[in-house]
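Q: The structure is given below, and queries will be raised subsequently.
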Amino acid sequence: MRINKPIQVFEYDFLGIGCQGFETAHWEALGKYNDDHGGNFFKLSYNGVKFQQFVGVIQVGNITIEILPKIGKEADPTGNKDEWQQVLIDMLQECNWMKVYAHQKASLQFKHNSILEAYLELFIKECESLLHKGLIKKYRFEDGNCTSLKGKLLFGQNIQYNLVHKERFYTRHQVYDRDNIFNQLLLKALKIIPLISQSPLLKDRVHSLLLSFPELNDPQVNEATFSKLVFDRKTSSYREAIEIAAMLLLNYRPDLSSGQNQVLAILFDMNDLWEEYIYRQIQRHNTHNWKIEPQEEKYFWNQANTTRKKSIKPDIVISSNGRAIIVDTKWKLPEDNIPSDNDLKQMFVYNEYWDGITAILLYPHTIFKEEPVFVNGVFHSIPYLNSYSRNVSGISEPIEMHACGVMKISVLNEGKILDENIGKKINDYFLHEIFI
């Protein structure tokens, strides 16, 4: 198979049939895959596919499509897509959505093909390490003919199979070997890699691994298979490899008709990734003992005489000395720094329920700025509330109308790589401008 450079697009880009090697067969395979997953990942038209807010990588047949963060295009329509490929990988690493240890980062050849190859190499490294340490053994029950009586004799099967072989016993007995679900999942995922990888180096490493694995049963896999796994002292070392195996096995759709256009998609909602990245950055640089809570939930409505409720969950709540800042991340660019009506209404409610001094709508910035760009705003007071007072600790005090500001933070630093000091810059601003 000829090695093709990945097709790189941004969120919401359109890829037409006939462009960059994307053909009708690929379009049909993507359509079937999208239908199987509720039509969430992209939208198909008669002559191509339009991507949505999901970033990551799609392998379909002999082509690889990388979907990159849209800010790269909005910052510079002719920008370096490889630069934003690395930004995406770094964000996934920071959020532990791509498990890479610090000492492994330098050895992984991220740019030898695509984001997919990075995941595959990481999985192969984990499997090689586990094999070197020795695959775990577990007890399991096995039914079969034995030359000696051990375990439980299964009378029905014994009569069926051994009527003329009185020297044999059909039993159910315990076996202690490597044929367990953990090793089975690794082997099943390894067998996929030669079908989707275009890297001869990775294929050679996989073939070596397959020769070293024992013969194992081939399990049927679904989401419940992974949710039922229990990691203990013996199996904790499998956790990283199993997480990537789950990505591969649950997102792989084989082409049963021709075998030419298998689909594997590893996709992430960019809105969720941006929220998780900002939370982890703020938490990492929290040197002020602030209480930082992600997705803190409060109920604001329930149906009378029922248990049906509605809740609200701001992205991040930062509390210090009885004061709170509400942060809601938005992976988009506000026009003229003016948020949408729905966003402002949402932030007003958050302030009310968390008694926030201010709410922050936090957006990415396309242009490098050393410090966050902040545009403050206040909610207008309501006339009939002007004379209203709130009882706090038995003392009646006038209500102070709260604020909502727009903050834009540069995604890249001056060297055009993901800025690892975003959290420090945000926290410093909060400390000196809000928590004063």
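Residues are referred to by chain and number: the chain letter is A, B, ... according to the order shown in the structure tokens, the number counts from 1 in that chain, and ligands are numbered separately from 1 in the order shown.
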Need the shell around stretch 190-195 of chain A: protein/DNA/RNA residues with any atom at most 8 Å away, counting only C-alpha atoms. Skip same-chain ones fewer than 5 positions apart. Format as a VMD selection string?

A: chain A and resid 120 124 203 206 210 248 262

Q: Using only N, CA and C atoms, please write the residues we just selected to a file, as an mmCIF file, in the first residue's frame.

A:
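Everything below was put into out-v6.cif:
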```cif
data_model
loop_
_atom_site.group_PDB
_atom_site.id
_atom_site.type_symbol
_atom_site.label_atom_id
_atom_site.label_comp_id
_atom_site.auth_asym_id
_atom_site.auth_seq_id
_atom_site.Cartn_x
_atom_site.Cartn_y
_atom_site.Cartn_z
ATOM 1 N N LEU A 120 -1.001 4.711 17.620
ATOM 2 C CA LEU A 120 -0.624 3.324 17.367
ATOM 3 C C LEU A 120 0.749 3.020 17.945
ATOM 4 N N ILE A 124 1.655 0.250 20.776
ATOM 5 C CA ILE A 124 2.657 -0.789 20.536
ATOM 6 C C ILE A 124 3.727 -0.763 21.626
ATOM 7 N N LYS A 203 4.203 -1.730 11.348
ATOM 8 C CA LYS A 203 3.713 -3.053 10.953
ATOM 9 C C LYS A 203 4.712 -4.150 11.345
ATOM 10 N N VAL A 206 4.442 -4.758 15.018
ATOM 11 C CA VAL A 206 3.222 -5.485 15.348
ATOM 12 C C VAL A 206 3.362 -6.954 15.018
ATOM 13 N N LEU A 210 2.796 -10.087 17.489
ATOM 14 C CA LEU A 210 1.818 -11.152 17.249
ATOM 15 C C LEU A 210 2.456 -12.531 17.334
ATOM 16 N N LEU A 248 -9.419 1.954 19.788
ATOM 17 C CA LEU A 248 -9.287 1.283 18.498
ATOM 18 C C LEU A 248 -10.457 0.347 18.223
ATOM 19 N N GLN A 262 -11.967 -0.056 5.416
ATOM 20 C CA GLN A 262 -12.229 -0.067 6.848
ATOM 21 C C GLN A 262 -12.132 1.366 7.379
#
```

Q: Which residues are close to A:Phe141, i.e. within 7 Å by only C-alpha atoms, leaving aside same-chain residues fewer than 5 positions away? Reply as a ChimeraX atom specification.

A: /A:172-175

Q: Calculated over only C-alpha atoms, which of the candidates A:His402, A:His26, A:Lys125, A:Lys5 has the smallest distance to A:Asn47?

A: A:His26

Q: Which polymer residues have any atom within 9 Å of an atom of stretch 271-277 of chain A, counting only C-alpha atoms, with same-chain residues fewer than 2 positions away left out, as a PDB file with C-alpha atoms, in the first residue's frame?

A:
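Wrote it out as part14.pdb, contents follow:
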```pdb
ATOM      1  CA  GLN A  53     -16.763  20.404  15.970  1.00  0.00           C
ATOM      2  CA  PHE A  54     -14.919  17.097  16.341  1.00  0.00           C
ATOM      3  CA  MET A  91      -3.630  19.384  24.235  1.00  0.00           C
ATOM      4  CA  LEU A  92      -4.632  15.730  24.197  1.00  0.00           C
ATOM      5  CA  GLU A  94      -2.182  17.605  28.767  1.00  0.00           C
ATOM      6  CA  CYS A  95      -5.750  16.373  29.278  1.00  0.00           C
ATOM      7  CA  TRP A  97      -6.807  11.952  26.547  1.00  0.00           C
ATOM      8  CA  PHE A 268     -12.948  14.483  20.308  1.00  0.00           C
ATOM      9  CA  ASP A 269     -15.413  17.327  20.769  1.00  0.00           C
ATOM     10  CA  TYR A 279      -9.355  23.584  33.826  1.00  0.00           C
ATOM     11  CA  ARG A 280      -6.154  21.553  34.053  1.00  0.00           C
ATOM     12  CA  GLN A 281      -4.025  24.611  33.325  1.00  0.00           C
ATOM     13  CA  ILE A 282      -5.734  26.715  36.017  1.00  0.00           C
ATOM     14  CA  PRO A 294     -15.143  21.646  37.364  1.00  0.00           C
ATOM     15  CA  ASP A 315     -17.461  24.780  33.427  1.00  0.00           C
ATOM     16  CA  ILE A 316     -15.265  26.023  36.283  1.00  0.00           C
ATOM     17  CA  ASP A 328     -17.253  29.252  31.073  1.00  0.00           C
ATOM     18  CA  THR A 329     -15.005  28.260  28.177  1.00  0.00           C
ATOM     19  CA  LYS A 330     -16.097  28.895  24.598  1.00  0.00           C
ATOM     20  CA  TRP A 331     -14.232  27.463  21.619  1.00  0.00           C
ATOM     21  CA  LYS A 332     -15.267  30.219  19.236  1.00  0.00           C
ATOM     22  CA  PRO A 364      -9.192  31.481  22.498  1.00  0.00           C
TER      23      PRO A 364
END
```

Q: Within 12 Å of A:Val49, counting only C-alpha atoms, which residues show up once you throw out same-chain ones fewer than 4 positions away? Write them as a PDB file with N, CA and C atoms, in the first residue's frame, please.

A:
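And here is the file that came out, around_24.pdb:
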```pdb
ATOM      1  N   VAL A   9      -7.455  18.950   7.472  1.00  0.00           N
ATOM      2  CA  VAL A   9      -8.533  19.931   7.367  1.00  0.00           C
ATOM      3  C   VAL A   9      -8.764  20.532   8.757  1.00  0.00           C
ATOM      4  N   GLU A  11     -11.761  22.117  11.594  1.00  0.00           N
ATOM      5  CA  GLU A  11     -13.174  21.977  11.956  1.00  0.00           C
ATOM      6  C   GLU A  11     -14.033  22.769  10.961  1.00  0.00           C
ATOM      7  N   TYR A  12     -15.153  22.188  10.582  1.00  0.00           N
ATOM      8  CA  TYR A  12     -16.157  22.807   9.721  1.00  0.00           C
ATOM      9  C   TYR A  12     -15.682  23.014   8.277  1.00  0.00           C
ATOM     10  N   ASP A  13     -14.501  22.469   7.932  1.00  0.00           N
ATOM     11  CA  ASP A  13     -14.077  22.506   6.531  1.00  0.00           C
ATOM     12  C   ASP A  13     -14.907  21.520   5.714  1.00  0.00           C
ATOM     13  N   PHE A  14     -14.915  21.748   4.407  1.00  0.00           N
ATOM     14  CA  PHE A  14     -15.589  20.840   3.465  1.00  0.00           C
ATOM     15  C   PHE A  14     -14.531  20.136   2.643  1.00  0.00           C
ATOM     16  N   LEU A  15     -14.657  18.805   2.527  1.00  0.00           N
ATOM     17  CA  LEU A  15     -13.754  18.007   1.702  1.00  0.00           C
ATOM     18  C   LEU A  15     -14.568  17.375   0.585  1.00  0.00           C
ATOM     19  N   GLY A  16     -14.272  17.764  -0.639  1.00  0.00           N
ATOM     20  CA  GLY A  16     -15.046  17.299  -1.777  1.00  0.00           C
ATOM     21  C   GLY A  16     -14.500  16.019  -2.376  1.00  0.00           C
ATOM     22  N   ILE A  17     -15.399  15.248  -2.961  1.00  0.00           N
ATOM     23  CA  ILE A  17     -14.981  14.027  -3.664  1.00  0.00           C
ATOM     24  C   ILE A  17     -14.059  14.422  -4.814  1.00  0.00           C
ATOM     25  N   GLY A  18     -12.928  13.726  -4.911  1.00  0.00           N
ATOM     26  CA  GLY A  18     -11.949  14.043  -5.948  1.00  0.00           C
ATOM     27  C   GLY A  18     -10.833  14.948  -5.480  1.00  0.00           C
ATOM     28  N   CYS A  19     -10.934  15.453  -4.236  1.00  0.00           N
ATOM     29  CA  CYS A  19      -9.904  16.335  -3.687  1.00  0.00           C
ATOM     30  C   CYS A  19      -8.913  15.534  -2.840  1.00  0.00           C
ATOM     31  N   PHE A  22      -9.460  11.880  -1.986  1.00  0.00           N
ATOM     32  CA  PHE A  22     -10.715  11.481  -1.347  1.00  0.00           C
ATOM     33  C   PHE A  22     -11.721  11.105  -2.436  1.00  0.00           C
ATOM     34  N   GLU A  23     -12.062   9.826  -2.500  1.00  0.00           N
ATOM     35  CA  GLU A  23     -12.878   9.313  -3.593  1.00  0.00           C
ATOM     36  C   GLU A  23     -14.268   8.886  -3.109  1.00  0.00           C
ATOM     37  N   THR A  24     -15.086   8.498  -4.077  1.00  0.00           N
ATOM     38  CA  THR A  24     -16.470   8.109  -3.774  1.00  0.00           C
ATOM     39  C   THR A  24     -16.530   6.947  -2.789  1.00  0.00           C
ATOM     40  N   HIS A  26     -14.460   6.239  -0.415  1.00  0.00           N
ATOM     41  CA  HIS A  26     -14.191   6.769   0.925  1.00  0.00           C
ATOM     42  C   HIS A  26     -15.416   7.483   1.472  1.00  0.00           C
ATOM     43  N   TRP A  27     -16.063   8.264   0.621  1.00  0.00           N
ATOM     44  CA  TRP A  27     -17.273   9.008   1.001  1.00  0.00           C
ATOM     45  C   TRP A  27     -18.372   8.047   1.457  1.00  0.00           C
ATOM     46  N   GLU A  28     -18.543   6.944   0.727  1.00  0.00           N
ATOM     47  CA  GLU A  28     -19.567   5.957   1.101  1.00  0.00           C
ATOM     48  C   GLU A  28     -19.237   5.295   2.443  1.00  0.00           C
ATOM     49  N   ALA A  29     -17.953   4.972   2.642  1.00  0.00           N
ATOM     50  CA  ALA A  29     -17.550   4.343   3.908  1.00  0.00           C
ATOM     51  C   ALA A  29     -17.778   5.280   5.087  1.00  0.00           C
ATOM     52  N   LEU A  30     -17.479   6.570   4.906  1.00  0.00           N
ATOM     53  CA  LEU A  30     -17.713   7.546   5.976  1.00  0.00           C
ATOM     54  C   LEU A  30     -19.202   7.692   6.264  1.00  0.00           C
ATOM     55  N   GLY A  31     -20.011   7.634   5.203  1.00  0.00           N
ATOM     56  CA  GLY A  31     -21.457   7.729   5.391  1.00  0.00           C
ATOM     57  C   GLY A  31     -22.003   6.589   6.232  1.00  0.00           C
ATOM     58  N   ASN A  34     -20.805   7.098   9.859  1.00  0.00           N
ATOM     59  CA  ASN A  34     -21.543   8.187  10.518  1.00  0.00           C
ATOM     60  C   ASN A  34     -22.956   7.757  10.887  1.00  0.00           C
ATOM     61  N   GLY A  39     -24.933   9.984  13.258  1.00  0.00           N
ATOM     62  CA  GLY A  39     -24.746  11.143  12.391  1.00  0.00           C
ATOM     63  C   GLY A  39     -24.127  12.338  13.076  1.00  0.00           C
ATOM     64  N   PHE A  41     -20.702  13.026  13.766  1.00  0.00           N
ATOM     65  CA  PHE A  41     -19.328  13.446  13.542  1.00  0.00           C
ATOM     66  C   PHE A  41     -19.148  14.385  12.351  1.00  0.00           C
ATOM     67  N   PHE A  42     -19.925  14.203  11.309  1.00  0.00           N
ATOM     68  CA  PHE A  42     -19.818  15.062  10.140  1.00  0.00           C
ATOM     69  C   PHE A  42     -21.125  15.001   9.355  1.00  0.00           C
ATOM     70  N   LYS A  43     -21.225  15.866   8.346  1.00  0.00           N
ATOM     71  CA  LYS A  43     -22.419  15.910   7.509  1.00  0.00           C
ATOM     72  C   LYS A  43     -22.012  15.633   6.071  1.00  0.00           C
ATOM     73  N   LEU A  44     -22.755  14.746   5.430  1.00  0.00           N
ATOM     74  CA  LEU A  44     -22.451  14.387   4.059  1.00  0.00           C
ATOM     75  C   LEU A  44     -23.411  15.076   3.100  1.00  0.00           C
ATOM     76  N   SER A  45     -22.856  15.593   2.017  1.00  0.00           N
ATOM     77  CA  SER A  45     -23.662  16.084   0.903  1.00  0.00           C
ATOM     78  C   SER A  45     -23.391  15.175  -0.289  1.00  0.00           C
ATOM     79  N   ILE A  65      -7.392  11.180   7.390  1.00  0.00           N
ATOM     80  CA  ILE A  65      -7.876  12.560   7.461  1.00  0.00           C
ATOM     81  C   ILE A  65      -7.676  13.065   8.886  1.00  0.00           C
TER      82      ILE A  65
END
```

Q: Using the chain letters and numbers from this document, which residues of stretch 148-388 of chain A does DSSP assign to alpha helix (DSSP H), as a PyMOL selection string?

A: chain A and resi 155-162+181-196+200-212+223-227+239-250+270-284+341-354

Q: Could you pull the residues within 12 Å of A:Glu223, counting only C-alpha atoms, minus those fewer than 2 positions along the same chain, as a ChimeraX atom specification?

A: /A:220-221,225-229,243,245-251

Q: Keeping C-alpha atoms, export the residues of the selection given above as a compact mmCIF listing (two decimals), in the first residue's frame.

A:
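As a result, again-v3.txt now contains:
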```txt
# COMPACT_ATOMS: atom_id res chain seq x y z
CA GLN A 220 -16.92 -10.04 21.19
CA VAL A 221 -16.32 -6.43 22.18
CA THR A 225 -16.71 -5.16 27.86
CA PHE A 226 -14.48 -2.30 29.00
CA SER A 227 -16.78 -0.90 31.68
CA LYS A 228 -16.79 -4.30 33.44
CA LEU A 229 -13.00 -4.52 33.66
CA GLU A 243 -7.60 2.60 27.14
CA ALA A 245 -7.31 -0.64 22.78
CA ALA A 246 -10.82 0.57 23.66
CA MET A 247 -10.40 3.55 21.31
CA LEU A 248 -9.29 1.28 18.50
CA LEU A 249 -11.81 -1.52 18.98
CA LEU A 250 -14.91 0.60 19.70
CA ASN A 251 -14.27 3.06 16.87
```

Q: Expressed in Å to a single decimal, how great is the separation between atom CA of A:Ile67 and atom CA of A:Glu83?

A: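 About the pair atom CA of A:Ile67 and atom CA of A:Glu83: they are 12.8 Å apart.
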
Q: Taking only C-alpha atoms into account, name the residue in A:Gln59, A:Ala224, A:Glu433, A:Met407 that is nearest to A:Leu116.

A: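 That would be A:Gln59, the residue with the smallest distance to A:Leu116.
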
Q: Of the candidates A:Ile278, A:Ile244, A:Ile58, A:Val327, which shows the shortest atom-to-atom distance to A:Lys425, using only C-alpha atoms?

A: A:Ile278

Q: If you measure from atom CA of A:Ile409 to atom CA of A:Val87, what distance in Å do you get, rounded to one decimal?

A: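 Interatomic distance, atom CA of A:Ile409 to atom CA of A:Val87: 15.0 Å.
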
Q: So the first atom is atom CA of A:Ile242 and the second is atom CA of A:Leu68; what is the distance between them in Å, to one decimal place?

A: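 Those two atoms sit 25.5 Å apart.
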
Q: From a DSSP pass on the backbone, collect the residues of stretch 96-313 of chain A flagged as strand (DSSP E) and hand them back as a ChimeraX atom specification.

A: /A:138-146,152-153,169-177,252-253,263-269,291-294,298-302,309-312
